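Student: One structure, pasted below without further comment.
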Amino acid sequence: MINWHNLRYEFGAAERDFLKLQVLTTSMEPISIREEFKDLRVRLIAARDEVFEKHNLDSSEKLGYTFDLSFGLKVYDILNEQIGFTNRIASNDDIWRYLSICIVPDIVHSRWSLNEERYYKSSRRIWLKTIWWYIHLSWRTNSFITYDILSSNTTDTIQQLVERPGIGYHTELYREIMLQYNLYGNSSRDLFRRVLILNTARLITISPELVEDGVEGYVNDLFEKAKVLGTVKT
């Protein structure tokens, strides 16, 4: 079992180690794995290879949303409570910086090259963190159903959801938003953005659980009002 609670990897250490990373022809160095993390790296590398093969991504010049979603589901499955990974752990940037730079920098590189924001520099843009929270805030029953709900979205959807937490992550609420967004059959970034902005404003004075039909009714009203706002603007 990995002792996540004792892991300390602050910004300065992450910056120092990031600057040491070198991209070679077929590998990335240095990658020196502590014993307790070796199995985790093996599983994450295997997950990446499986996603690459399934979606024929080896021939892609640039990875995008398909990789974010498919690998995100794998990461979410691997980082679970059975290995001591919880929501509290997932809120700790030390963890994500360490995984990004010390455990699988080669995987992060395959998606974002050496973009420092995606490894450690910007809390809400650390790639492994964003895809884990994207899946967590969208989860429905299992990975197959979750994939279907999210398959029509884009990288912008991840940014809108994870980088706009408002006054905090209300998991049940965001899962309902993602479900209904899919049911509307509208992948418009403007609709999604309006829903999230409206939700942020309403949460200051409204508890979704207390409105008629609870969270489901609250979210349904968000979409209906957001559609009206979009019509008025056009």
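Please note that chains go A, B, ... in the order of the structure tokens, that every chain numbers its residues from 1, and that ligands are numbered from 1 in the order shown.
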Counting only C-alpha atoms, what are the residues of region 38-77 of chain A within 12 Å of region 154-162 of chain A, and for each of them which pair of atoms is the nearest and at what distance in Å, to one decimal? Sort the table by chain and rising number, as a Markdown table.

Tutor:
```
| residue | atom | partner | partner_atom | distance |
| --- | --- | --- | --- | --- |
| A:Leu63 | CA | A:Thr155 | CA | 10.8 |
| A:Gly64 | CA | A:Thr155 | CA | 7.2 |
| A:Tyr65 | CA | A:Thr155 | CA | 5.3 |
| A:Thr66 | CA | A:Thr154 | CA | 8.5 |
| A:Phe67 | CA | A:Thr155 | CA | 10.0 |
| A:Asp68 | CA | A:Thr155 | CA | 7.7 |
| A:Leu69 | CA | A:Thr155 | CA | 9.0 |
| A:Gly72 | CA | A:Ile158 | CA | 10.9 |
```

Student: Extract the full set of strand (DSSP E) residues from region 14-155 of chain A according to DSSP on the backbone, and format it as a list of chain:residue names.

Tutor: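 The strand (DSSP E) subset of region 14-155 of chain A is A:Gln22, A:Val23, A:Met28, A:Glu29.
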
Student: Based on the selection just made, write C-alpha atoms of those residues as an mmCIF file, in the first residue's frame.

Tutor:
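See part-v1.cif below for the written result:
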```
data_model
loop_
_atom_site.group_PDB
_atom_site.id
_atom_site.type_symbol
_atom_site.label_atom_id
_atom_site.label_comp_id
_atom_site.auth_asym_id
_atom_site.auth_seq_id
_atom_site.Cartn_x
_atom_site.Cartn_y
_atom_site.Cartn_z
ATOM 1 C CA GLN A 22 15.407 14.998 -20.765
ATOM 2 C CA VAL A 23 13.563 13.617 -23.767
ATOM 3 C CA MET A 28 12.612 10.042 -20.924
ATOM 4 C CA GLU A 29 15.161 10.514 -18.147
#
```

Student: What is the distance, in Å and to one decimal place, between CA of Ser100 (chain A) and CA of Ile126 (chain A)?

Tutor: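 These two atoms are separated by 8.1 Å.
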
Student: For a quick check of understanding, using only C-alpha atoms, which of A:His136, A:Arg164, A:Lys62, A:His109 has the smallest distance to Lys74 (chain A)?

Tutor: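 For Lys74 (chain A), the nearest of the given residues is A:His136.
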
Student: In Å to one decimal, how far is CA of Leu137 (chain A) from CA of Ser122 (chain A)?

Tutor: 20.0 Å

Student: I'd like the contact shell of Leu196 (chain A) - 9 Å cut-off, only C-alpha atoms, skipping same-chain residues fewer than 4 positions apart - returned as JSON, numbers by chain.

Tutor: {"A": [160, 161, 164, 165, 166, 177, 191, 192, 200, 201, 222]}

Student: Go ahead and write the residues just picked, N, CA and C atoms, as a compact mmCIF listing (two decimals), in the first residue's frame.

Tutor:
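Contents of part_39.txt, freshly written:
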```txt
# COMPACT_ATOMS: atom_id res chain seq x y z
N GLN A 160 -13.59 23.47 -18.74
CA GLN A 160 -14.74 24.18 -18.17
C GLN A 160 -15.17 23.57 -16.85
N LEU A 161 -15.21 22.24 -16.78
CA LEU A 161 -15.69 21.56 -15.59
C LEU A 161 -14.69 21.63 -14.44
N ARG A 164 -13.36 25.35 -13.25
CA ARG A 164 -14.35 26.30 -12.77
C ARG A 164 -15.13 25.66 -11.62
N PRO A 165 -14.47 25.47 -10.46
CA PRO A 165 -15.15 24.78 -9.37
C PRO A 165 -16.14 25.63 -8.61
N GLY A 166 -16.17 26.94 -8.88
CA GLY A 166 -17.11 27.81 -8.15
C GLY A 166 -16.75 27.86 -6.68
N ILE A 177 -25.12 17.21 -13.80
CA ILE A 177 -24.90 18.16 -14.90
C ILE A 177 -24.31 17.44 -16.11
N LEU A 191 -23.38 26.34 -24.44
CA LEU A 191 -24.43 25.86 -23.54
C LEU A 191 -23.83 25.39 -22.23
N PHE A 192 -22.79 24.62 -22.30
CA PHE A 192 -22.15 24.10 -21.10
C PHE A 192 -21.59 25.23 -20.24
N THR A 200 -22.90 28.46 -10.73
CA THR A 200 -22.04 29.14 -9.77
C THR A 200 -22.78 30.29 -9.09
N ALA A 201 -23.55 31.04 -9.87
CA ALA A 201 -24.31 32.16 -9.32
C ALA A 201 -25.41 31.67 -8.37
N LEU A 222 -31.47 24.46 -14.74
CA LEU A 222 -30.26 25.14 -15.20
C LEU A 222 -30.16 25.10 -16.72
```

Student: Please give the complete set of residues from chain A that DSSP, run on the backbone, assigns to helix (DSSP H, G or I), formatted as a ChimeraX atom specification.

Tutor: /A:4-6,11-20,35-55,57-59,65-78,81-83,87-90,93-103,105-112,116-121,123-125,127-136,143-150,155-162,171-183,189-202,208-210,214-233

Student: My list of candidates is A:Trp139, A:Glu50, A:Trp4, A:Ile145. Which is closest to Leu79 (chain A) when distances are computed with only C-alpha atoms?

Tutor: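 Of the candidates, the smallest distance to Leu79 (chain A) is held by A:Trp4.
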
Student: List as a list in words the protein and nucleic acid residues near Glu36 (chain A), meaning an atom at most 10 Å away when only C-alpha atoms are counted, but skip any in the same chain fewer than 3 places from it.

Tutor: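 Returned residues: Met1, Ile2, Asn3, Ile33, Asp39, Leu40 and Arg41 of chain A.
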
Student: Would you mind listing what lies within 12 Å of region 11-13 of chain A as a list in words, with only C-alpha atoms counted and same-chain residues fewer than 4 positions away left out?

Tutor: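 The neighbour list is Asp17, Phe18, Leu19, Lys20, Asn92, Asp93, Asp94, Ile95, Trp96, Arg97, Tyr98, Ile101, Cys102, Glu116, Glu117, Tyr119, Tyr120, Lys121, Ser122 and Ser123 of chain A.
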